[in-house]
Each structure stands twice: as C-alpha cells, then as structure tokens.
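Structure file target-v6.txt (compact mmCIF, C-alpha atoms and all ligand atoms) follows.
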```
# COMPACT_ATOMS: atom_id res chain seq x y z
CA MET W 3 -48.15 45.57 9.02
CA GLU W 4 -47.96 42.64 6.62
CA ASN W 5 -44.53 41.83 7.96
CA GLN W 6 -45.84 41.84 11.49
CA HIS W 7 -48.35 39.22 10.41
CA VAL W 8 -45.56 36.94 9.17
CA ASN W 9 -43.24 37.56 12.11
CA PRO W 10 -45.29 39.19 14.86
CA CYS W 11 -43.26 41.33 17.21
CA THR W 12 -45.67 41.90 20.05
CA ILE W 13 -44.62 42.01 23.68
CA GLU W 14 -45.96 38.50 24.17
CA LYS W 15 -44.67 36.88 20.96
CA CYS W 16 -41.53 38.79 19.99
CA ASP W 17 -38.30 36.82 19.65
CA ILE W 18 -36.37 37.13 22.90
CA PHE W 19 -33.64 39.44 21.55
CA ASP W 20 -36.17 41.78 19.92
CA PHE W 21 -38.23 41.79 23.11
CA MET W 22 -35.19 42.59 25.26
CA ALA W 23 -34.00 45.34 22.90
CA LYS W 24 -37.28 46.94 21.82
CA TYR W 25 -39.59 46.52 24.79
CA VAL W 26 -37.25 46.16 27.78
CA GLY W 27 -34.60 48.54 26.42
CA LEU W 28 -31.50 46.42 27.10
CA SER W 29 -28.38 47.02 25.00
CA VAL W 30 -26.17 44.11 26.13
CA LEU W 31 -27.86 41.16 24.47
CA HIS W 32 -25.57 38.21 25.03
CA PRO W 33 -25.54 35.72 27.88
CA GLY W 34 -23.15 36.46 30.73
CA GLY W 35 -22.97 40.24 30.18
CA PHE W 36 -19.62 42.06 30.37
CA PRO W 37 -17.94 39.50 32.69
CA ALA W 38 -18.38 36.97 29.85
CA THR W 39 -17.12 39.51 27.30
CA LYS W 40 -14.04 39.98 29.50
CA LYS W 41 -13.38 36.22 29.51
CA LEU W 42 -13.76 36.18 25.74
CA ALA W 43 -11.34 39.12 25.38
CA GLN W 44 -8.77 37.53 27.68
CA ALA W 45 -8.97 34.20 25.85
CA CYS W 46 -8.32 36.09 22.59
CA GLY W 47 -5.33 37.97 24.04
CA ILE W 48 -6.87 41.43 23.57
CA ASP W 49 -4.64 44.25 24.80
CA ARG W 50 -3.95 47.87 23.83
CA GLU W 51 -1.82 46.83 20.82
CA LYS W 52 -4.62 44.85 19.19
CA LYS W 53 -6.93 45.85 16.36
CA VAL W 54 -10.26 44.16 17.09
CA LEU W 55 -13.38 43.54 15.00
CA ASP W 56 -16.72 43.07 16.83
CA ILE W 57 -19.00 41.27 14.38
CA ALA W 58 -22.75 41.86 14.98
CA CYS W 59 -21.94 44.57 17.51
CA GLY W 60 -25.57 45.70 18.00
CA LYS W 61 -25.63 49.07 19.76
CA GLY W 62 -21.87 48.88 20.21
CA THR W 63 -21.82 48.40 23.97
CA SER W 64 -19.27 45.55 23.91
CA ALA W 65 -17.03 47.31 21.36
CA ILE W 66 -17.02 50.39 23.59
CA PHE W 67 -16.42 48.24 26.68
CA LEU W 68 -13.40 46.57 25.01
CA ALA W 69 -11.90 49.92 23.98
CA LYS W 70 -12.30 51.36 27.48
CA GLU W 71 -11.16 48.22 29.34
CA TYR W 72 -8.16 47.31 27.16
CA GLY W 73 -7.30 50.52 25.29
CA CYS W 74 -7.51 48.68 21.97
CA GLN W 75 -8.74 49.91 18.59
CA VAL W 76 -12.17 48.41 17.80
CA GLU W 77 -14.27 48.31 14.66
CA GLY W 78 -17.91 47.26 15.14
CA VAL W 79 -20.07 45.94 12.32
CA ASP W 80 -23.78 45.08 12.34
CA ILE W 81 -26.42 44.43 9.71
CA SER W 82 -28.80 46.95 11.29
CA GLY W 83 -28.27 50.56 10.23
CA ASP W 84 -30.40 51.83 13.13
CA LEU W 85 -28.22 50.04 15.69
CA ILE W 86 -25.04 51.33 14.04
CA ASP W 87 -26.40 54.91 14.21
CA GLU W 88 -27.05 54.42 17.95
CA ALA W 89 -23.59 52.88 18.42
CA LYS W 90 -21.89 55.92 16.87
CA VAL W 91 -23.74 58.30 19.20
CA PHE W 92 -22.96 56.07 22.17
CA ALA W 93 -19.22 55.97 21.35
CA ARG W 94 -19.12 59.79 21.25
CA GLN W 95 -20.99 60.01 24.56
CA LYS W 96 -18.54 57.58 26.16
CA GLY W 97 -15.54 59.52 24.84
CA VAL W 98 -14.07 56.65 22.80
CA ALA W 99 -14.97 57.77 19.26
CA GLU W 100 -11.22 58.04 18.48
CA ARG W 101 -10.67 54.35 19.15
CA VAL W 102 -14.01 52.81 18.14
CA SER W 103 -15.70 53.05 14.77
CA PHE W 104 -18.82 51.41 13.43
CA GLN W 105 -20.20 50.46 10.07
CA VAL W 106 -23.13 48.58 8.61
CA GLY W 107 -22.19 45.20 7.21
CA ASP W 108 -23.06 41.52 6.89
CA ALA W 109 -21.22 38.88 8.93
CA LEU W 110 -21.57 36.58 5.92
CA ASN W 111 -19.77 38.96 3.58
CA LEU W 112 -17.50 41.29 5.55
CA ALA W 113 -16.22 44.37 3.73
CA TYR W 114 -12.67 44.03 5.10
CA SER W 115 -9.45 42.82 3.56
CA ASP W 116 -7.89 39.48 4.40
CA ASN W 117 -5.70 39.49 7.55
CA GLU W 118 -6.82 42.98 8.62
CA PHE W 119 -7.46 42.37 12.34
CA ASP W 120 -5.55 40.82 15.23
CA VAL W 121 -8.79 39.56 16.76
CA ALA W 122 -12.40 39.10 15.63
CA VAL W 123 -15.08 38.54 18.26
CA SER W 124 -18.77 37.90 17.95
CA GLN W 125 -21.46 37.48 20.60
CA ALA W 126 -24.93 35.98 20.07
CA MET W 127 -24.72 36.19 16.29
CA LEU W 128 -24.13 32.68 14.91
CA ILE W 129 -27.52 31.52 16.21
CA LEU W 130 -29.13 34.20 14.04
CA VAL W 131 -27.53 33.37 10.70
CA SER W 132 -28.51 30.59 8.36
CA ASP W 133 -24.94 29.74 7.29
CA LYS W 134 -22.84 29.51 10.45
CA ASN W 135 -19.87 28.05 8.59
CA LYS W 136 -19.74 30.98 6.17
CA ALA W 137 -19.80 33.43 9.11
CA ILE W 138 -16.94 31.51 10.79
CA GLN W 139 -14.91 31.49 7.57
CA GLU W 140 -15.43 35.24 7.15
CA ALA W 141 -14.13 35.88 10.68
CA LYS W 142 -11.15 33.66 9.90
CA ARG W 143 -10.42 35.44 6.63
CA VAL W 144 -10.18 38.92 8.19
CA VAL W 145 -7.93 37.79 11.07
CA LYS W 146 -4.13 37.76 10.66
CA PRO W 147 -2.26 34.44 10.74
CA GLY W 148 -1.64 33.71 14.43
CA GLY W 149 -4.57 35.96 15.40
CA TYR W 150 -7.69 34.88 17.29
CA ALA W 151 -11.36 34.59 16.52
CA GLY W 152 -13.78 34.19 19.43
CA TRP W 153 -17.49 33.55 19.75
CA LEU W 154 -19.87 33.67 22.67
CA GLU W 155 -22.97 31.65 21.87
CA LEU W 156 -25.99 30.17 23.57
CA SER W 157 -25.41 26.42 23.80
CA TRP W 158 -27.50 23.45 24.85
CA LYS W 159 -25.97 21.57 27.76
CA LYS W 160 -27.60 18.43 26.34
CA GLN W 161 -29.69 17.68 23.25
CA PRO W 162 -33.20 18.94 24.04
CA PRO W 163 -36.23 16.78 23.15
CA LYS W 164 -38.81 17.95 20.57
CA GLU W 165 -41.42 18.89 23.24
CA PHE W 166 -38.89 21.19 24.85
CA MET W 167 -38.06 22.81 21.50
CA ASP W 168 -41.79 23.38 20.85
CA ALA W 169 -42.10 25.06 24.26
CA VAL W 170 -38.97 27.13 23.55
CA SER W 171 -40.38 28.31 20.23
CA ASN W 172 -43.55 29.43 22.01
CA GLU W 173 -41.95 31.07 25.01
CA ILE W 174 -38.72 32.49 23.73
CA CYS W 175 -38.03 32.72 20.07
CA ALA W 176 -39.36 31.16 16.93
CA TYR W 177 -36.11 31.09 14.96
CA CYS W 178 -32.94 31.72 16.89
CA MET W 179 -33.43 28.92 19.42
CA THR W 180 -33.89 26.33 16.70
CA ASN W 181 -30.44 27.38 15.47
CA VAL W 182 -28.70 26.78 18.84
CA LEU W 183 -26.30 23.81 19.01
CA THR W 184 -25.12 21.59 21.85
CA TYR W 185 -21.65 22.29 23.26
CA GLU W 186 -20.38 19.25 21.35
CA ASP W 187 -21.89 20.37 18.03
CA TRP W 188 -20.46 23.89 18.38
CA GLU W 189 -17.09 22.37 19.18
CA ASN W 190 -17.23 20.15 16.08
CA LEU W 191 -18.23 23.11 13.92
CA PHE W 192 -15.22 25.15 15.09
CA ARG W 193 -12.88 22.14 14.88
CA ASP W 194 -13.93 21.57 11.26
CA SER W 195 -13.30 25.21 10.33
CA GLY W 196 -9.53 24.99 9.83
CA PHE W 197 -8.30 26.89 12.90
CA SER W 198 -5.26 25.53 14.75
CA GLN W 199 -6.31 25.85 18.40
CA ILE W 200 -9.81 25.63 19.81
CA GLU W 201 -10.50 26.50 23.47
CA ILE W 202 -13.94 26.21 25.05
CA THR W 203 -15.40 27.52 28.31
CA ARG W 204 -18.85 26.32 29.31
CA SER W 205 -21.11 28.38 31.59
CA SER W 206 -24.63 28.18 32.94
CA MET W 207 -27.18 30.78 31.95
CA ASN W 208 -28.38 33.15 34.65
CA MET W 209 -30.74 36.06 34.09
CA SER W 210 -28.64 38.96 35.39
CA GLY W 211 -30.05 40.59 38.53
CA VAL W 212 -30.30 44.33 39.09
CA ARG W 213 -26.63 44.60 40.10
CA GLY W 214 -25.55 42.82 36.91
CA MET W 215 -27.80 45.07 34.85
CA ILE W 216 -26.34 48.23 36.40
CA ARG W 217 -22.83 46.92 35.65
CA ASP W 218 -23.70 46.20 31.98
CA GLU W 219 -26.27 48.86 31.13
CA GLY W 220 -25.30 51.75 33.40
CA PHE W 221 -27.49 53.27 36.11
CA GLY W 222 -29.42 55.58 33.76
CA ASN W 223 -30.58 52.80 31.47
CA VAL W 224 -31.45 50.52 34.39
CA ILE W 225 -33.82 53.19 35.72
CA LYS W 226 -35.54 53.22 32.29
CA VAL W 227 -35.69 49.40 32.24
CA MET W 228 -37.03 49.24 35.79
CA SER W 229 -39.77 51.76 35.03
CA LYS W 230 -40.86 49.69 32.02
CA TYR W 231 -40.94 46.64 34.30
CA LEU W 232 -42.92 48.47 36.99
CA PHE W 233 -45.36 50.38 34.82
CA ASN W 234 -45.97 48.03 31.87
CA SER W 235 -47.73 44.91 33.10
CA ARG W 236 -47.30 43.11 29.74
CA VAL W 237 -43.52 43.62 29.80
CA ARG W 238 -43.46 42.54 33.45
CA MET W 239 -45.48 39.39 32.71
CA ARG W 240 -43.29 38.36 29.75
CA MET W 241 -40.10 38.92 31.76
CA LYS W 242 -41.46 36.83 34.62
CA ASN W 243 -42.51 34.06 32.21
CA LEU W 244 -39.07 34.04 30.58
CA ASN W 245 -37.38 33.90 33.96
CA VAL W 246 -39.54 31.03 35.15
CA PHE W 247 -39.06 29.12 31.88
CA MET W 248 -35.29 29.48 31.88
CA ASN W 249 -34.89 28.69 35.57
CA SER W 250 -37.08 25.62 35.34
CA ASN W 251 -35.13 24.39 32.28
CA SER W 252 -31.64 25.24 33.52
CA GLU W 253 -30.56 21.68 32.66
CA TYR W 254 -30.58 22.75 28.97
CA PHE W 255 -29.60 26.43 28.90
CA GLY W 256 -25.91 27.24 28.81
CA TYR W 257 -23.52 29.36 26.85
CA GLY W 258 -20.05 28.76 25.55
CA ILE W 259 -17.01 30.92 24.90
CA TYR W 260 -15.28 29.41 21.88
CA THR W 261 -11.90 30.75 20.79
CA ALA W 262 -9.77 29.64 17.87
CA ARG W 263 -6.36 30.60 16.47
CA LYS W 264 -5.70 31.12 12.77
C1 LIG W 301 -28.56 39.17 19.98
S1 LIG W 301 -27.93 40.58 19.21
C2 LIG W 301 -26.30 40.67 19.92
C3 LIG W 301 -25.73 42.03 19.84
C4 LIG W 301 -24.37 42.20 20.52
N1 LIG W 301 -23.37 41.34 19.92
C5 LIG W 301 -24.46 41.93 21.99
O1 LIG W 301 -23.85 40.96 22.44
O2 LIG W 301 -25.14 42.68 22.71
C6 LIG W 301 -27.57 39.99 17.58
C7 LIG W 301 -27.07 41.05 16.64
O3 LIG W 301 -26.70 40.39 15.43
C8 LIG W 301 -26.99 41.26 14.36
N2 LIG W 301 -26.99 40.45 13.14
C9 LIG W 301 -27.84 39.46 12.79
N3 LIG W 301 -27.49 38.93 11.61
C10 LIG W 301 -26.38 39.59 11.19
C11 LIG W 301 -25.54 39.49 10.05
N4 LIG W 301 -25.79 38.61 9.07
N5 LIG W 301 -24.48 40.31 9.96
C12 LIG W 301 -24.23 41.23 10.94
N6 LIG W 301 -24.99 41.37 12.03
C13 LIG W 301 -26.05 40.56 12.17
C14 LIG W 301 -28.32 41.88 14.76
O4 LIG W 301 -28.60 43.06 14.05
C15 LIG W 301 -28.07 42.11 16.26
O5 LIG W 301 -27.53 43.37 16.50
```

Written as structure tokens, how would this file's structure read?
Amino acid sequence: MENQHVNPCTIEKCDIFDFMAKYVGLSVLHPGGFPATKKLAQACGIDREKKVLDIACGKGTSAIFLAKEYGCQVEGVDISGDLIDEAKVFARQKGVAERVSFQVGDALNLAYSDNEFDVAVSQAMLILVSDKNKAIQEAKRVVKPGGYAGWLELSWKKQPPKEFMDAVSNEICAYCMTNVLTYEDWENLFRDSGFSQIEITRSSMNMSGVRGMIRDEGFGNVIKVMSKYLFNSRVRMRMKNLNVFMNSNSEYFGYGIYTARK
C-alpha cells in the first residue's frame, strides 16, 4: 500500500505499460506490434541458424513469435519473475518450449558470457532503464563479433516542449516518457557505443486497431481485452483518453528500429 502511494498504479494514473499489461491485458507492449518486430528481425539477419537473445522479453510473446516465424533458438530475459513464469507457460502452450527458454535477469548486468549470441534484440526497454549506455554495452558484450544488436524504442519526432512533457507525464507515464529521446539523440547514443554499422528506420505511432490486436494477441486474448473495454468504464475512459492524446500529438510520437553490428 505504501508503494502504491509513492507510485500509484490505478486505472487512471498507472504508467502506460502497466495499464496496458495489468488492466487491459495486452502482452505485446511495444509500438508497431509484430510487423515492427519482423522488421527488427530482418534488419538483424535473424534466420533458423541464429541464436537470439530477447532482452526485457516481458511475457515472451516476441521471443515465441521469432522462434515460430524464423525457426531460430531464442533466449528471453526479463527482470520480472512473474512475467518470466507466464512466458514459460506460454512457450509450452505454443509448442516452442524446445527452441525458446526464459530466465529472470537484468538488462544492465546480463548473466551470459561474452560473444554468446548471434543477435540480441530489445523492444521498449531502454526507455525504462536509468543507464541506457550500460544496457547497450551489455547487449554488445553478449553478441559475437559480426553479430547484430537491435532495439525498437519510442522516439520523439522532434524535441517536445516542457508543457507537452508535463501533459505526457499526466496522461501517459510519469517516468518512462521522460526517458524517451528524439530520433537524433537515439542515433547519437548508438553511434557513440562502438558498433560498426548503425541502421535506423523511423515510423509513426498508431494505436493498433482490432485487426492488429488479433494478429498480435490472438483471438482469445482479444475477446478478454474487448470485454474489459466494454464492461469496465474506467478502462474504457483511460483507453479513449490515451487514444485522443496520442492522435492529437502525432507530430511528436514515433518509434525507431535501431540496429547495429558488432
Ligand atoms: C514495455 S515492456 C516491453 C516488453 C516486451 N519487450 C514487449 O515488447 O512486449 C518493458 C519490459 O522491460 C522489463 N524491464 C524493465 N527494466 C528491465 C531491466 N533492467 N532488465 C530486464 N528487463 C527489464 C519489464 O519487466 C517489462 O517486461
């Protein structure tokens, strides 16, 4: 209860990712959904021969998607033990437990040897950590020479003014949004990190419609999400507010796919 006082997670005030996961029930929590994950995978050269690390894998939906789509071996790591437990169950349900494994771990101090993976990917994680550079260096360390690291991150299309950031903190998220960078600042961060090749794809943010949700979440989960939307007026109101806020500020909201070669 004391914690809630410091960082209240109510339907109205929860950070956007917590709201989407806990109250809406979504499991794919990065902008662009699986089509964006596919672009990230292609830019990193993922195929069935590759050993891939998904850093901050959440409930494991992208790790499982990569294993099914490309036939690769995937290890998922996340700081949340509860999410990792769900990911393990999910991998068994989807019949990929042979090729996908999960463990609890910190992106800032990965429990893997140097040069262990062909590719390391991470989606919607850097905006949540205090030391982005350390997280980037950890991804670089565990990737083989010549291998790829790739990130998918929320990005400002242009530097937002203070009033906008205040509104964002109120509407969306107290912490993670203040940690978002402009496309140029992300690019500089990756360029300064010692990789040899940096490629960037910029995209606009769209809230995925029902069809996009079915593609990413599966029909069963969409039914659960839709019933929360229909029968919980507070969830419905917050989702509408978020939609309106993001659509009316589309000049700022974007996301980038950033890939780099070791
Ligand atoms: C917005 S969610 C994204 C989850 C998933 N990558 C996706 O795209 O659906 C961010 C995830 O980062 C995880 N996370 C935050 N800080 C972390 C850290 N230091 N190390 C590992 N995972 C972390 C959270 O537990 C959460 O699962």

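The coordinates place CA of Cys59 in chain W at 7.8 Å from atom N2 of ligand LIG 301 (chain W).
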
Check which residues of chain W sit at most 7 Å from ligand LIG 301 (chain W) using all atoms listed in the file, and return one row each with the closest pair of atoms and their distance in Å to one decimal, ordered by chain and rising number, as CSV.
```
residue,atom,partner,partner_atom,distance
W:Phe19,CA,W:LIG301,C1,5.3
W:Ser29,CA,W:LIG301,O2,5.9
W:Val30,CA,W:LIG301,O2,3.8
W:Leu31,CA,W:LIG301,O2,3.6
W:His32,CA,W:LIG301,O1,4.2
W:Ile57,CA,W:LIG301,C12,6.3
W:Ala58,CA,W:LIG301,N6,3.7
W:Cys59,CA,W:LIG301,N1,4.3
W:Gly60,CA,W:LIG301,O5,3.4
W:Lys61,CA,W:LIG301,O5,6.8
W:Thr63,CA,W:LIG301,O2,6.7
W:Ser64,CA,W:LIG301,C5,6.6
W:Val79,CA,W:LIG301,C12,6.4
W:Asp80,CA,W:LIG301,N6,3.9
W:Ile81,CA,W:LIG301,C12,4.1
W:Ser82,CA,W:LIG301,O4,4.8
W:Leu85,CA,W:LIG301,O5,6.8
W:Gly107,CA,W:LIG301,C12,5.8
W:Asp108,CA,W:LIG301,N5,3.6
W:Ala109,CA,W:LIG301,N5,3.7
W:Leu110,CA,W:LIG301,N4,5.6
W:Ser124,CA,W:LIG301,N1,6.1
W:Gln125,CA,W:LIG301,N1,4.4
W:Ala126,CA,W:LIG301,C1,4.8
W:Met127,CA,W:LIG301,O3,4.7
W:Leu130,CA,W:LIG301,C9,5.6
W:Val131,CA,W:LIG301,N3,5.6
```

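If you count only C-alpha atoms and ignore residues fewer than 6 places along the chain from Arg263 in chain W, what sits within 9 Å of it is Cys46, Lys142, Pro147, Gly148, Gly149, Tyr150, Ala151, Gly152, Phe197, Ser198, Gln199 and Ile200 of chain W.
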
With distances taken over all atoms listed in the file, which residue among W:Arg238, W:Ile174, W:Gln95, W:Leu191 lies nearest Asp20 in chain W? W:Ile174

One number please: CA of Val170 in chain W to CA of Ile86 in chain W, in Å, one decimal.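 Computing it gives 29.5 Å between the two atoms.
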
Selection near range 204-206 of chain W, 12 Å with all atoms listed in the file, sequence-local residues under 4 positions removed, as JSON, numbers by chain: {"W": [33, 34, 37, 38, 41, 42, 154, 155, 156, 157, 158, 159, 184, 185, 186, 188, 189, 210, 248, 249, 251, 252, 253, 254, 255, 256, 257, 258, 259, 260, 261]}

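Taking CA of Ile48 in chain W as the reference point, CA of Gly196 in chain W is found at 21.6 Å.
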
Around (-12.6, 53.1, 29.8) in the file's own coordinates, what residues are found within 12 Å if you use all atoms listed in the file, given back as a PyMOL selection string? chain W and resi 50+63-74+93+96-99+101-102
